[in-house]
$ cat data-v2.pdb   # PDB, C-alpha atoms and all ligand atoms
MODEL        1
ATOM      1  CA  MET G 289      -8.869  -7.019 -11.319
ATOM      2  CA  ALA G 290      -6.869  -4.162 -12.774
ATOM      3  CA  THR G 291      -3.666  -3.120 -11.094
ATOM      4  CA  GLU G 292      -3.526   0.559 -10.170
ATOM      5  CA  ALA G 293      -1.560   2.873  -7.903
ATOM      6  CA  GLY G 294      -1.990   1.832  -4.296
ATOM      7  CA  ARG G 295      -2.340  -1.836  -5.110
ATOM      8  CA  GLU G 296       0.288  -4.311  -4.109
ATOM      9  CA  PRO G 297       0.745  -7.866  -5.213
ATOM     10  CA  ALA G 298       1.035 -10.148  -2.147
ATOM     11  CA  CYS G 299       0.253  -7.105  -0.717
ATOM     12  CA  ARG G 300     -33.600  -2.488   4.052
ATOM     13  CA  THR G 301     -35.454  -2.857   5.816
ATOM     14  CA  SER G 302     -37.353  -6.160   5.603
ATOM     15  CA  LYS G 303     -40.928  -6.249   4.338
ATOM     16  CA  VAL G 304     -41.969  -7.543   7.774
ATOM     17  CA  LYS G 305     -41.744  -4.747  10.366
ATOM     18  CA  ARG G 306     -39.642  -5.956  13.267
ATOM     19  CA  VAL G 307     -40.486  -5.155  16.879
ATOM     20  CA  ASN G 308     -36.860  -5.121  17.995
ATOM     21  CA  ALA G 309     -35.337  -1.704  17.178
ATOM     22  CA  ILE G 310     -31.741  -2.946  16.979
ATOM     23  CA  PRO G 311     -31.959  -4.598  13.545
ATOM     24  CA  ASP G 312     -33.648  -1.479  12.154
ATOM     25  CA  ARG G 313     -30.850   0.736  13.507
ATOM     26  CA  ARG G 314     -28.295  -1.684  12.113
ATOM     27  CA  SER G 315     -29.948  -1.794   8.714
ATOM     28  CA  ARG G 316     -29.920   2.035   8.591
ATOM     29  CA  ALA G 317     -26.217   2.026   9.445
ATOM     30  CA  ALA G 318     -25.616  -0.707   6.865
ATOM     31  CA  ALA G 319     -27.476   1.241   4.183
ATOM     32  CA  ALA G 320     -25.418   4.358   5.031
ATOM     33  CA  ALA G 321     -22.191   2.358   4.656
ATOM     34  CA  GLU G 322     -23.331   1.095   1.247
ATOM     35  CA  ASP G 323     -24.061   4.669   0.127
ATOM     36  CA  ALA G 324     -20.741   5.919   1.543
ATOM     37  CA  GLY G 325     -18.711   3.622  -0.720
ATOM     38  CA  GLN G 326     -19.249   0.026   0.259
ATOM     39  CA  ALA G 327     -21.451  -0.708  -2.755
ATOM     40  CA  ALA G 328     -18.581   0.416  -4.987
ATOM     41  CA  HIS G 329     -16.217  -1.843  -3.035
ATOM     42  CA  ARG G 330     -18.540  -4.772  -3.740
ATOM     43  CA  ARG G 331     -18.513  -4.036  -7.476
ATOM     44  CA  GLU G 332     -14.714  -3.898  -7.422
ATOM     45  CA  LEU G 333     -14.571  -7.167  -5.482
ATOM     46  CA  LEU G 334     -16.736  -9.060  -7.975
ATOM     47  CA  ALA G 335     -15.718  -7.505 -11.306
ATOM     48  CA  GLY G 336     -14.598 -10.031 -13.903
ATOM     49  CA  LEU G 337     -15.642 -13.147 -12.008
ATOM     50  CA  ARG G 338     -16.718 -16.099 -14.166
ATOM     51  CA  GLY G 339     -18.208 -19.538 -13.870
ATOM     52  CA  ARG G 340     -19.567 -21.161 -10.709
ATOM     53  CA  VAL G 341     -18.947 -19.089  -7.590
ATOM     54  CA  LEU G 342     -19.247 -19.837  -3.888
ATOM     55  CA  GLU G 343     -20.008 -16.932  -1.535
ATOM     56  CA  LEU G 344     -19.226 -17.604   2.111
ATOM     57  CA  GLY G 345     -21.327 -15.905   4.817
ATOM     58  CA  ALA G 346     -23.526 -13.997   2.394
ATOM     59  CA  GLY G 347     -25.510 -12.202   5.111
ATOM     60  CA  ASN G 348     -28.635 -10.590   3.672
ATOM     61  CA  GLY G 349     -27.263 -10.770   0.140
ATOM     62  CA  LEU G 350     -25.849  -7.272  -0.323
ATOM     63  CA  ASN G 351     -23.354  -8.568  -2.877
ATOM     64  CA  PHE G 352     -25.936 -10.219  -5.092
ATOM     65  CA  GLU G 353     -26.863  -7.226  -7.241
ATOM     66  CA  HIS G 354     -23.199  -6.605  -8.005
ATOM     67  CA  TYR G 355     -22.270  -9.950  -9.587
ATOM     68  CA  PRO G 356     -21.359  -9.583 -13.246
ATOM     69  CA  THR G 357     -23.366 -11.557 -15.784
ATOM     70  CA  THR G 358     -20.200 -13.515 -16.692
ATOM     71  CA  VAL G 359     -20.949 -15.548 -13.550
ATOM     72  CA  ASP G 360     -23.039 -18.635 -14.376
ATOM     73  CA  GLU G 361     -24.215 -19.473 -10.872
ATOM     74  CA  VAL G 362     -23.635 -18.428  -7.264
ATOM     75  CA  VAL G 363     -24.010 -20.734  -4.282
ATOM     76  CA  ALA G 364     -24.351 -18.489  -1.224
ATOM     77  CA  VAL G 365     -23.725 -20.036   2.193
ATOM     78  CA  GLU G 366     -25.343 -18.314   5.198
ATOM     79  CA  PRO G 367     -25.703 -20.024   8.591
ATOM     80  CA  GLU G 368     -27.903 -17.444  10.342
ATOM     81  CA  PRO G 369     -31.615 -18.177   9.637
ATOM     82  CA  TYR G 370     -32.898 -14.554   9.700
ATOM     83  CA  LEU G 371     -30.151 -13.375   7.334
ATOM     84  CA  ARG G 372     -30.570 -16.456   5.160
ATOM     85  CA  GLU G 373     -34.253 -15.583   4.612
ATOM     86  CA  ARG G 374     -33.297 -12.030   3.620
ATOM     87  CA  ALA G 375     -30.656 -13.472   1.271
ATOM     88  CA  VAL G 376     -33.266 -15.725  -0.354
ATOM     89  CA  GLU G 377     -35.397 -12.603  -1.006
ATOM     90  CA  ALA G 378     -32.389 -10.767  -2.481
ATOM     91  CA  ALA G 379     -31.573 -13.782  -4.664
ATOM     92  CA  ARG G 380     -35.068 -13.631  -6.204
ATOM     93  CA  ASN G 381     -34.304 -10.124  -7.500
ATOM     94  CA  ALA G 382     -30.822 -10.981  -8.810
ATOM     95  CA  LYS G 383     -30.037 -11.060 -12.520
ATOM     96  CA  LEU G 384     -28.330 -14.442 -12.277
ATOM     97  CA  ARG G 385     -29.005 -17.757 -10.579
ATOM     98  CA  ILE G 386     -28.202 -17.640  -6.846
ATOM     99  CA  ASP G 387     -28.893 -20.572  -4.544
ATOM    100  CA  VAL G 388     -28.830 -19.682  -0.846
ATOM    101  CA  VAL G 389     -27.938 -22.576   1.456
ATOM    102  CA  ASP G 390     -27.170 -23.238   5.102
ATOM    103  CA  GLY G 391     -23.586 -24.076   5.996
ATOM    104  CA  LEU G 392     -20.577 -23.242   8.108
ATOM    105  CA  ALA G 393     -17.093 -22.024   7.295
ATOM    106  CA  GLY G 394     -14.509 -24.790   7.590
ATOM    107  CA  ARG G 395     -17.156 -27.491   7.176
ATOM    108  CA  LEU G 396     -18.475 -26.815   3.691
ATOM    109  CA  ALA G 397     -20.583 -29.628   2.246
ATOM    110  CA  PHE G 398     -19.201 -29.346  -1.280
ATOM    111  CA  ALA G 399     -16.939 -31.619  -3.331
ATOM    112  CA  ASP G 400     -13.294 -30.767  -3.847
ATOM    113  CA  ALA G 401     -12.722 -28.297  -6.706
ATOM    114  CA  ALA G 402     -16.478 -27.724  -7.111
ATOM    115  CA  PHE G 403     -16.145 -23.971  -7.795
ATOM    116  CA  ASP G 404     -14.266 -21.727 -10.201
ATOM    117  CA  ALA G 405     -14.027 -19.067  -7.513
ATOM    118  CA  ALA G 406     -15.017 -18.209  -3.966
ATOM    119  CA  VAL G 407     -15.929 -14.841  -2.443
ATOM    120  CA  ALA G 408     -15.262 -13.813   1.157
ATOM    121  CA  SER G 409     -16.728 -10.422   1.968
ATOM    122  CA  LEU G 410     -16.582  -9.073   5.543
ATOM    123  CA  VAL G 411     -16.750 -12.620   6.875
ATOM    124  CA  LEU G 412     -13.177 -13.757   7.561
ATOM    125  CA  CYS G 413     -13.113 -11.411  10.573
ATOM    126  CA  THR G 414     -15.947 -13.415  12.156
ATOM    127  CA  VAL G 415     -15.282 -17.089  11.455
ATOM    128  CA  PRO G 416     -14.076 -18.912  14.574
ATOM    129  CA  ASP G 417     -11.070 -20.583  12.871
ATOM    130  CA  LEU G 418      -9.572 -18.472  10.085
ATOM    131  CA  ASP G 419      -6.962 -21.024   8.961
ATOM    132  CA  ALA G 420      -9.465 -23.912   8.807
ATOM    133  CA  THR G 421     -11.885 -21.680   6.877
ATOM    134  CA  LEU G 422      -9.282 -20.771   4.275
ATOM    135  CA  THR G 423      -8.022 -24.359   3.947
ATOM    136  CA  ASP G 424     -11.588 -25.504   3.295
ATOM    137  CA  LEU G 425     -12.163 -22.702   0.767
ATOM    138  CA  ARG G 426      -8.974 -23.770  -1.016
ATOM    139  CA  ARG G 427     -10.295 -27.338  -1.123
ATOM    140  CA  VAL G 428     -13.565 -26.383  -2.858
ATOM    141  CA  ILE G 429     -11.933 -24.006  -5.381
ATOM    142  CA  ARG G 430     -10.574 -25.717  -8.508
ATOM    143  CA  PRO G 431      -6.809 -25.658  -9.157
ATOM    144  CA  ALA G 432      -5.829 -22.165 -10.355
ATOM    145  CA  GLY G 433      -9.283 -20.920  -9.342
ATOM    146  CA  GLU G 434      -9.704 -17.625  -7.514
ATOM    147  CA  LEU G 435     -10.456 -16.391  -4.038
ATOM    148  CA  ARG G 436     -11.840 -12.837  -4.030
ATOM    149  CA  PHE G 437     -11.707 -11.046  -0.689
ATOM    150  CA  TYR G 438     -13.032  -7.802   0.796
ATOM    151  CA  GLU G 439     -12.170  -7.691   4.468
ATOM    152  CA  HIS G 440     -11.222  -5.363   7.274
ATOM    153  CA  VAL G 441      -7.795  -6.229   8.609
ATOM    154  CA  LEU G 442      -5.053  -5.501  11.121
ATOM    155  CA  ALA G 443      -3.803  -1.936  10.640
ATOM    156  CA  ARG G 444      -0.284  -1.183   9.512
ATOM    157  CA  GLU G 445      -0.272   1.880  11.765
ATOM    158  CA  PRO G 446       1.071   0.699  15.175
ATOM    159  CA  ARG G 447      -1.323   2.785  17.290
ATOM    160  CA  LEU G 448      -4.433   1.639  15.449
ATOM    161  CA  ALA G 449      -3.162  -1.964  15.446
ATOM    162  CA  ALA G 450      -2.659  -1.753  19.231
ATOM    163  CA  LEU G 451      -6.232  -0.454  19.635
ATOM    164  CA  GLN G 452      -7.562  -3.272  17.424
ATOM    165  CA  ARG G 453      -5.670  -5.877  19.472
ATOM    166  CA  ALA G 454      -6.850  -4.427  22.782
ATOM    167  CA  LEU G 455     -10.491  -4.221  21.709
ATOM    168  CA  THR G 456     -10.389  -7.756  20.318
ATOM    169  CA  ARG G 457      -8.455  -9.443  23.128
ATOM    170  CA  THR G 458     -10.593  -7.888  25.859
ATOM    171  CA  GLY G 459     -13.662  -9.231  24.052
ATOM    172  CA  VAL G 460     -15.199  -5.777  23.606
ATOM    173  CA  TRP G 461     -15.123  -5.716  19.812
ATOM    174  CA  PRO G 462     -16.359  -9.297  19.356
ATOM    175  CA  LEU G 463     -19.192  -8.485  21.804
ATOM    176  CA  VAL G 464     -20.390  -5.379  19.973
ATOM    177  CA  GLY G 465     -19.547  -6.752  16.525
ATOM    178  CA  GLY G 466     -21.242 -10.127  16.569
ATOM    179  CA  GLY G 467     -18.021 -12.141  16.996
ATOM    180  CA  CYS G 468     -15.893  -9.889  14.797
ATOM    181  CA  HIS G 469     -12.097  -9.830  15.293
ATOM    182  CA  ALA G 470     -10.559  -6.479  14.416
ATOM    183  CA  ASP G 471      -6.958  -7.703  14.595
ATOM    184  CA  ARG G 472      -6.681 -10.377  11.913
ATOM    185  CA  ASP G 473      -3.840 -10.264   9.414
ATOM    186  CA  THR G 474      -6.084 -11.834   6.798
ATOM    187  CA  VAL G 475      -3.879 -11.425   3.720
ATOM    188  CA  VAL G 476      -1.032 -13.262   5.452
ATOM    189  CA  ALA G 477      -3.495 -16.025   6.439
ATOM    190  CA  ILE G 478      -4.703 -16.312   2.823
ATOM    191  CA  GLU G 479      -1.129 -16.890   1.639
ATOM    192  CA  ARG G 480      -0.483 -19.347   4.474
ATOM    193  CA  ALA G 481      -3.486 -21.400   3.292
ATOM    194  CA  GLY G 482      -1.961 -21.965  -0.153
ATOM    195  CA  PHE G 483      -3.116 -19.044  -2.224
ATOM    196  CA  ALA G 484      -0.921 -16.693  -4.240
ATOM    197  CA  ILE G 485      -2.028 -13.077  -3.949
ATOM    198  CA  GLN G 486      -2.714 -11.646  -7.430
ATOM    199  CA  ASP G 487      -3.949  -8.248  -6.495
ATOM    200  CA  CYS G 488      -4.462  -6.437  -3.222
ATOM    201  CA  ARG G 489      -5.540  -2.863  -2.555
ATOM    202  CA  ARG G 490      -5.276  -1.505   0.968
ATOM    203  CA  PHE G 491      -7.307   1.500   2.035
ATOM    204  CA  HIS G 492      -9.220   2.972   4.952
ATOM    205  CA  PHE G 493     -13.035   3.056   4.954
ATOM    206  CA  ARG G 494     -14.649   4.719   7.949
ATOM    207  CA  PRO G 495     -18.263   5.674   7.307
ATOM    208  CA  THR G 496     -18.630   6.557  11.026
ATOM    209  CA  LEU G 497     -16.157   7.174  13.864
ATOM    210  CA  LEU G 498     -17.545   4.177  15.764
ATOM    211  CA  VAL G 499     -16.210   1.754  13.169
ATOM    212  CA  ALA G 500     -12.644   3.131  13.225
ATOM    213  CA  PRO G 501     -11.223  -0.250  14.390
ATOM    214  CA  ALA G 502     -12.650  -1.823  11.212
ATOM    215  CA  ALA G 503     -11.431   0.955   8.907
ATOM    216  CA  PRO G 504      -8.285  -0.690   7.465
ATOM    217  CA  ARG G 505      -9.541  -2.722   4.534
ATOM    218  CA  VAL G 506      -8.293  -4.872   1.693
ATOM    219  CA  ILE G 507      -9.902  -5.780  -1.591
ATOM    220  CA  GLY G 508      -8.125  -8.349  -3.682
ATOM    221  CA  SER G 509      -7.851 -11.642  -5.417
ATOM    222  CA  ALA G 510      -5.706 -14.711  -4.794
ATOM    223  CA  ARG G 511      -5.185 -17.750  -6.932
ATOM    224  CA  ARG G 512      -5.188 -21.286  -5.607
ATOM    225  CA  ALA G 513      -1.529 -22.205  -5.787
ATOM    226  CA  GLN G 514      -0.550 -25.319  -7.725
ATOM    227  CA  GLU G 515      -0.144 -28.550  -5.796
ATOM    228  CA  GLU G 516       3.414 -29.449  -4.815
ATOM    229  CA  SER G 517       4.602 -32.622  -6.544
TER     230      SER G 517
HETATM  231  C1  LIG S   1     -20.584  -8.792   8.584
HETATM  232  S1  LIG S   1     -21.589 -10.018   7.902
HETATM  233  C2  LIG S   1     -21.142  -9.881   6.177
HETATM  234  C3  LIG S   1     -22.220 -10.345   5.269
HETATM  235  C4  LIG S   1     -21.896 -10.250   3.759
HETATM  236  N1  LIG S   1     -20.820 -11.143   3.422
HETATM  237  C5  LIG S   1     -21.601  -8.846   3.331
HETATM  238  O1  LIG S   1     -20.570  -8.620   2.705
HETATM  239  O2  LIG S   1     -22.444  -7.956   3.585
HETATM  240  C6  LIG S   1     -20.787 -11.534   8.405
HETATM  241  C7  LIG S   1     -21.501 -12.758   7.918
HETATM  242  O3  LIG S   1     -20.740 -13.916   8.234
HETATM  243  C8  LIG S   1     -21.633 -14.940   8.627
HETATM  244  N2  LIG S   1     -20.892 -15.914   9.446
HETATM  245  C9  LIG S   1     -20.501 -15.782  10.737
HETATM  246  N3  LIG S   1     -19.881 -16.903  11.162
HETATM  247  C10 LIG S   1     -19.883 -17.754  10.103
HETATM  248  C11 LIG S   1     -19.395 -19.076   9.899
HETATM  249  N4  LIG S   1     -18.777 -19.728  10.897
HETATM  250  N5  LIG S   1     -19.577 -19.656   8.709
HETATM  251  C12 LIG S   1     -20.178 -18.981   7.690
HETATM  252  N6  LIG S   1     -20.673 -17.728   7.817
HETATM  253  C13 LIG S   1     -20.520 -17.121   9.004
HETATM  254  C14 LIG S   1     -22.701 -14.202   9.428
HETATM  255  O4  LIG S   1     -23.882 -14.973   9.611
HETATM  256  C15 LIG S   1     -22.884 -12.968   8.560
HETATM  257  O5  LIG S   1     -23.835 -13.188   7.555
ENDMDL
END
$ encode --input "data-v2.pdb" --output "structure tokens"
Amino acid sequence: MATEAGREPACRTSKVKRVNAIPDRRSRAAAAAEDAGQAAHRRELLAGLRGRVLELGAGNGLNFEHYPTTVDEVVAVEPEPYLRERAVEAARNAKLRIDVVDGLAGRLAFADAAFDAAVASLVLCTVPDLDATLTDLRRVIRPAGELRFYEHVLAREPRLAALQRALTRTGVWPLVGGGCHADRDTVVAIERAGFAIQDCRRFHFRPTLLVAPAAPRVIGSARRAQEES
């Protein structure tokens, strides 16, 4: 990923009409976020990737259309059955091979060093154990392979960080956000897990006022650090 000003090293609706209105409202909000800039963030996240790639928590497959053709194969892990079905549909329309499989962060059923790269996109906020998730991702990425990340993170602005902590620790944000934690210092956790940050751009993305606690975002790449001898 190209370095530019502002970067710092280490820094649809489904075909089946659903009775429940909530997913439809959510998919409208999700589509609005894509149009407001998130689709461009996904392209930035995935640009230049090569080889065999693992995507963790792929949701309904919104990243799939943005993978470059330099990628040979994507294995997309998604534990939630409804989303996994949507991801399978999205994979059928992708321009490269994408296998969608069941699985859970921190307990990935892949051999050590099985992937050239892994992608975490708006998922590290939700996994129950961030450190175990990153340690397991490091295990399945080959030495000197890449972790690409696009996540919302703990704000650097004290007042917003305090709001994120309060909303997360009272359980309000996880309740409305499907288990999401707004107060994770994810870049620090990535380094702690044995990755060296190569590129990291911090910015705010707030398609609606309601998602202000998830506005501080990072897009970046980290390389699996060499083993200590
Ligand atoms: C906000 S969605 C993001 C989906 C997709 N990555 C994207 O960028 O649009 C979070 C995703 O993480 C998945 N997820 C939640 N807990 C998980 C876990 N423990 N292991 C793997 N995926 C998980 C959810 O099922 C959901 O698909």
$ closest_residue --input "data-v2.pdb" --among "G:Asp487, G:Leu344, G:Phe493, G:Gln452" --to "Ala406 in chain G" --atoms "all atoms listed in the file"
G:Leu344
$ closest_residue --input "data-v2.pdb" --among "G:Ile386, G:Ala324, G:Ala375, G:Val341" --to "Ala408 in chain G" --atoms "all atoms listed in the file"
G:Val341
$ atom_distance --input "data-v2.pdb" --atom1 "CA of Arg338 in chain G" --atom2 "CA of His354 in chain G"
13.0 Å
$ closest_residue --input "data-v2.pdb" --among "G:Asp360, G:Asp424, G:Glu479, G:Asp404" --to "ligand LIG 1 (chain S)" --atoms "only C-alpha atoms and all ligand atoms"
G:Asp424
$ atom_distance --input "data-v2.pdb" --atom1 "CA of Ala503 in chain G" --atom2 "CA of Ala328 in chain G"
15.6 Å
$ residues_near_ligand --input "data-v2.pdb" --ligand "ligand LIG 1 (chain S)" --cutoff "6 Å" --atoms "only C-alpha atoms and all ligand atoms" --output "list in words"
Leu344, Gly345, Ala346, Gly347, Leu350, Glu366, Pro367, Glu368, Leu392, Ala393, Ser409, Leu410, Val411, Thr414 and Val415 of chain G
$ write_last_selection --input "data-v2.pdb" --atoms "C-alpha atoms" --output "PDB file, keeping the file's coordinate frame"
ATOM      1  CA  LEU G 344     -19.226 -17.604   2.111  1.00  0.00           C
ATOM      2  CA  GLY G 345     -21.327 -15.905   4.817  1.00  0.00           C
ATOM      3  CA  ALA G 346     -23.526 -13.997   2.394  1.00  0.00           C
ATOM      4  CA  GLY G 347     -25.510 -12.202   5.111  1.00  0.00           C
ATOM      5  CA  LEU G 350     -25.849  -7.272  -0.323  1.00  0.00           C
ATOM      6  CA  GLU G 366     -25.343 -18.314   5.198  1.00  0.00           C
ATOM      7  CA  PRO G 367     -25.703 -20.024   8.591  1.00  0.00           C
ATOM      8  CA  GLU G 368     -27.903 -17.444  10.342  1.00  0.00           C
ATOM      9  CA  LEU G 392     -20.577 -23.242   8.108  1.00  0.00           C
ATOM     10  CA  ALA G 393     -17.093 -22.024   7.295  1.00  0.00           C
ATOM     11  CA  SER G 409     -16.728 -10.422   1.968  1.00  0.00           C
ATOM     12  CA  LEU G 410     -16.582  -9.073   5.543  1.00  0.00           C
ATOM     13  CA  VAL G 411     -16.750 -12.620   6.875  1.00  0.00           C
ATOM     14  CA  THR G 414     -15.947 -13.415  12.156  1.00  0.00           C
ATOM     15  CA  VAL G 415     -15.282 -17.089  11.455  1.00  0.00           C
TER      16      VAL G 415
END
$ closest_residue --input "data-v2.pdb" --among "G:Val428, G:Val362, G:Leu342, G:Leu333" --to "Cys488 in chain G" --atoms "all atoms listed in the file"
G:Leu333
$ resolve_selection --input "data-v2.pdb" --expression "the PyMOL selection byres (((chain G and resi 384) around 7) and not hetatm)" --output "VMD selection string"
chain G and resid 357 361 382 to 383 385 to 386
$ atom_distance --input "data-v2.pdb" --atom1 "CA of Ile485 in chain G" --atom2 "CA of Phe437 in chain G"
10.4 Å
$ residues_near_point --input "data-v2.pdb" --point "(-15.2, -31.9, -4.8)" --cutoff "12 Å" --atoms "all atoms listed in the file" --output "ChimeraX atom specification"
/G:396-404,424-431
$ resolve_selection --input "data-v2.pdb" --expression "the PyMOL selection byres (((chain G and resi 496) around 10) and not hetatm)" --output "PyMOL selection string"
chain G and resi 317+320-321+324+493-495+497-500+503
$ residues_around --input "data-v2.pdb" --residues "Ala513 in chain G" --least-positions-apart "5" --cutoff "9 Å" --atoms "all atoms listed in the file" --output "ChimeraX atom specification"
/G:426,431-433,482-484
$ closest_residue --input "data-v2.pdb" --among "G:Val407, G:Glu377, G:Gly394, G:Gly467" --to "Asn351 in chain G" --atoms "only C-alpha atoms"
G:Val407
$ residues_around --input "data-v2.pdb" --residues "Trp461 in chain G" --least-positions-apart "4" --cutoff "10 Å" --atoms "all atoms listed in the file" --output "ChimeraX atom specification"
/G:452-457,465-471,501-502
$ residues_around --input "data-v2.pdb" --residues "Ala378 in chain G" --least-positions-apart "4" --cutoff "9 Å" --atoms "all atoms listed in the file" --output "list in words"
Asn348, Gly349, Leu350, Phe352, Glu353, Glu373, Arg374 and Ala382 of chain G
$ closest_residue --input "data-v2.pdb" --among "G:Ala443, G:Leu435, G:Ala449, G:Val460" --to "Arg512 in chain G" --atoms "all atoms listed in the file"
G:Leu435
$ resolve_selection --input "data-v2.pdb" --expression "the PyMOL selection byres (((chain G and resi 389) around 7) and not hetatm)" --output "mmCIF file with C-alpha atoms, in the frame of the given file"
data_model
loop_
_atom_site.group_PDB
_atom_site.id
_atom_site.type_symbol
_atom_site.label_atom_id
_atom_site.label_comp_id
_atom_site.auth_asym_id
_atom_site.auth_seq_id
_atom_site.Cartn_x
_atom_site.Cartn_y
_atom_site.Cartn_z
ATOM 1 C CA ALA G 364 -24.351 -18.489 -1.224
ATOM 2 C CA VAL G 365 -23.725 -20.036 2.193
ATOM 3 C CA GLU G 366 -25.343 -18.314 5.198
ATOM 4 C CA ASP G 387 -28.893 -20.572 -4.544
ATOM 5 C CA VAL G 388 -28.830 -19.682 -0.846
ATOM 6 C CA ASP G 390 -27.170 -23.238 5.102
ATOM 7 C CA GLY G 391 -23.586 -24.076 5.996
#
$ residues_around --input "data-v2.pdb" --residues "Glu332 in chain G" --least-positions-apart "3" --cutoff "12 Å" --atoms "all atoms listed in the file" --output "JSON, numbers by chain"
{"G": [289, 290, 291, 325, 326, 327, 328, 329, 335, 336, 337, 351, 354, 355, 356, 409, 436, 437, 438, 487, 488, 489, 506, 507, 508, 509]}
$ axis_aligned_box --input "data-v2.pdb" --around "range 357-367 of chain G" --padding-each-side "6 Å" --output "JSON"
{"center_x": -23.0, "center_y": -16.1, "center_z": -4.1, "size_x": 17.5, "size_y": 21.2, "size_z": 37.3}
$ residues_around --input "data-v2.pdb" --residues "Arg444 in chain G" --least-positions-apart "4" --cutoff "10 Å" --atoms "only C-alpha atoms" --output "PyMOL selection string"
chain G and resi 448-449+473+490+504
